[in-house]
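Have a look at the structure below, then the notes.
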Amino acid sequence: MRILNTALLLIVLAAPVLADPAPGQITVTGEGSISVVPDMATVTLGVTSEGATAAAAMAQNSAQLAAVIAQLKSEGIAEKDVQTSGLSLGPRWDNSASSMGKAPKIVGYVASNGVNVRVRALDHLGAVLDGVVKNGANTFSGVSFDIAARQPAEDAARKAAVVEALRKARLYADAAGVKLGVIQSISEDGGAGPRPVMMGTFAMAKAEAVPIAQGEMNITADVTVVINIAP
């Protein structure tokens, strides 16, 4: 009898312990968006020059760009806010005789150089653009608006995203007739940040004052929240 009881005890001890079933979960996403007024802009502008030789085109381009950079400095733009964005030099071809079976020929050279300029005082942006046009800039590849102090606005967008996710979770739980338990995880999808406002590309043909309207921009954040369903 004692042997039988011992055998039964061993069987019970060897039996697997059944774990509590995992709680159900609700997974929701939320987006937060904060509207802010930009306080800075990045402008891409440059100089395109032509010459009979490559050296002549490059020399002319360098002189014009130096005048543009000097003008930027005189407008109070710091050196750290001016960065070269591209330099190219190539032949200018004449293809007018191609219809007669003749090969195109080089009739000159074109040199281009561009700079990205960060303007931290938007009320001065129009004057900056006007000044560089008068001093040799003849190409303009657009302007993007941004804000200098991003973190406070980004954090506000993150908080708004979590609030929105929790609102949706409560809505779903109420519709399903269940109660929410503890939050299991909160993860950010991508990076919170401003979506710069862009303006188009056009040539700087006039030296008139340039009107600028920066408007507003949105800073967004997306989060995913996983919440247990209460037993």
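Chain labels A, B, ... are given in the sequence in which chains occur in the structure tokens; within each chain residues are numbered consecutively from 1, and ligands are likewise numbered from 1 in the order shown.
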
Find the spatial neighbours of range 67-84 of chain A, counting only C-alpha atoms, within a cut-off of 7 Å - ignore same-chain residues fewer than 3 positions away - and output them as a compact mmCIF listing (two decimals) with C-alpha atoms, in the first residue's frame.
```txt
# COMPACT_ATOMS: atom_id res chain seq x y z
CA ALA A 63 34.41 84.84 -58.20
CA GLN A 64 30.61 85.02 -58.26
CA GLY A 114 25.58 75.65 -54.75
CA VAL A 115 25.32 76.32 -51.04
CA ASN A 116 22.81 75.52 -48.33
CA VAL A 117 22.18 78.59 -46.19
CA ARG A 118 20.47 78.43 -42.80
CA VAL A 119 18.66 81.66 -41.98
CA VAL A 128 19.00 87.87 -47.61
CA GLY A 131 21.09 90.56 -51.44
CA VAL A 132 22.49 87.33 -52.89
CA ASN A 135 25.63 89.80 -55.85
CA GLY A 136 25.69 86.95 -58.35
CA ALA A 137 23.38 84.12 -57.24
```

Enumerate, in order of chain and increasing residue number, the residues of range 123-200 of chain A with an atom no farther than 7 Å from range 41-49 of chain A, each with its shortest atom pair and distance in Å to one decimal, counting only C-alpha atoms, as JSON lines.
```
{"residue": "A:Gly136", "atom": "CA", "partner": "A:Val47", "partner_atom": "CA", "distance": 6.7}
{"residue": "A:Ala137", "atom": "CA", "partner": "A:Val47", "partner_atom": "CA", "distance": 4.9}
{"residue": "A:Asn138", "atom": "CA", "partner": "A:Val47", "partner_atom": "CA", "distance": 5.4}
{"residue": "A:Thr139", "atom": "CA", "partner": "A:Gly46", "partner_atom": "CA", "distance": 5.1}
{"residue": "A:Phe140", "atom": "CA", "partner": "A:Leu45", "partner_atom": "CA", "distance": 4.3}
{"residue": "A:Ser141", "atom": "CA", "partner": "A:Thr44", "partner_atom": "CA", "distance": 5.2}
{"residue": "A:Gly142", "atom": "CA", "partner": "A:Thr44", "partner_atom": "CA", "distance": 5.8}
{"residue": "A:Val143", "atom": "CA", "partner": "A:Val43", "partner_atom": "CA", "distance": 4.4}
{"residue": "A:Ser144", "atom": "CA", "partner": "A:Thr42", "partner_atom": "CA", "distance": 5.3}
{"residue": "A:Phe145", "atom": "CA", "partner": "A:Ala41", "partner_atom": "CA", "distance": 4.4}
{"residue": "A:Asp146", "atom": "CA", "partner": "A:Ala41", "partner_atom": "CA", "distance": 5.9}
```

Give me the residues within 9 Å of range 148-159 of chain A as a short mmCIF file (atom, residue, chain, number, x, y, z; two decimals) with C-alpha atoms, in the first residue's frame, counting only C-alpha atoms and dropping any in the same chain fewer than 3 places off.
```cif
data_model
loop_
_atom_site.label_atom_id
_atom_site.label_comp_id
_atom_site.auth_asym_id
_atom_site.auth_seq_id
_atom_site.Cartn_x
_atom_site.Cartn_y
_atom_site.Cartn_z
CA GLU A 31 -0.82 59.85 -33.80
CA GLY A 32 -0.13 63.18 -32.19
CA SER A 33 0.25 66.37 -34.21
CA ILE A 34 1.35 69.80 -33.01
CA SER A 35 1.17 72.91 -35.18
CA VAL A 36 4.05 75.34 -34.80
CA PRO A 38 8.65 78.02 -38.12
CA ASP A 39 11.45 80.21 -36.83
CA MET A 40 14.22 79.32 -39.29
CA ARG A 120 17.76 81.88 -38.30
CA VAL A 162 -0.20 58.35 -26.33
CA VAL A 163 -3.41 60.13 -25.27
CA GLU A 164 -4.95 59.30 -28.65
CA GLU A 188 7.34 54.87 -31.04
CA ALA A 192 8.89 62.29 -34.14
CA GLY A 193 9.87 65.41 -35.92
CA PRO A 194 8.87 68.30 -38.07
CA ILE A 219 5.28 68.07 -35.86
CA THR A 220 3.97 64.52 -35.59
CA ALA A 221 4.60 61.39 -33.56
CA ASP A 222 3.19 57.87 -33.91
CA VAL A 223 3.06 55.30 -31.12
#
```

- Can you work out the spacing between CA of Asn113 in chain A and CA of Leu129 in chain A in Å, to one decimal? 16.6 Å

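Each of A:Gly24, A:Val226, A:Ser85, A:Gly126 was compared to Ala165 in chain A using only C-alpha atoms, and A:Val226 turns out to be the nearest.
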
- Message: Considering only helix (DSSP H, G or I) as DSSP defines it on the backbone, what residues of range 44-182 of chain A qualify? List them as a PyMOL selection string.
- Response: chain A and resi 54-74+79-81+98-100+122-134+151-176

- Nearest to Asp174 in chain A, chosen from A:Ile229, A:Asn95, A:Pro104, A:Thr29, with only C-alpha atoms counted in the distances: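 Smallest distance to Asp174 in chain A is found for A:Ile229.
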
- Task: Just the residues within 8 Å of Leu89 in chain A, please, counting only C-alpha atoms, with nothing from its chain fewer than 3 positions along; format it as a PyMOL selection string.
- Result: chain A and resi 54+58+109-112

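Of the residues under consideration (A:Ile147, A:Val178, A:Val107, A:Val225), A:Val107 shows the shortest atom-to-atom contact distance to Glu50 in chain A when counting only C-alpha atoms.
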
- Message: Among range 37-151 of chain A, which residues does DSSP mark as strand (DSSP E or B) when it is run on the backbone? Keep the chain and numbering as in the structure and answer as an MDAnalysis selection string.
- Response: chainID A and resid 40:51 82:94 105:119 139:146

- Message: Just to confirm, what's the straight-line distance from CA of Leu122 in chain A to CA of Leu87 in chain A in Å (one decimal)?
- Response: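 A separation of 27.3 Å between them.
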
- Gap from CA of Asp94 in chain A to CA of Ala59 in chain A - Å, one decimal: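 Between CA of Asp94 in chain A and CA of Ala59 in chain A the gap works out to 22.4 Å.
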
- Message: Excluding Gln25 in chain A and its own-chain neighbours fewer than 6 positions away, which residues fall within 9 Å of it when counting only C-alpha atoms? Please give them as a PyMOL selection string.
- Response: chain A and resi 180-181+184+226-230
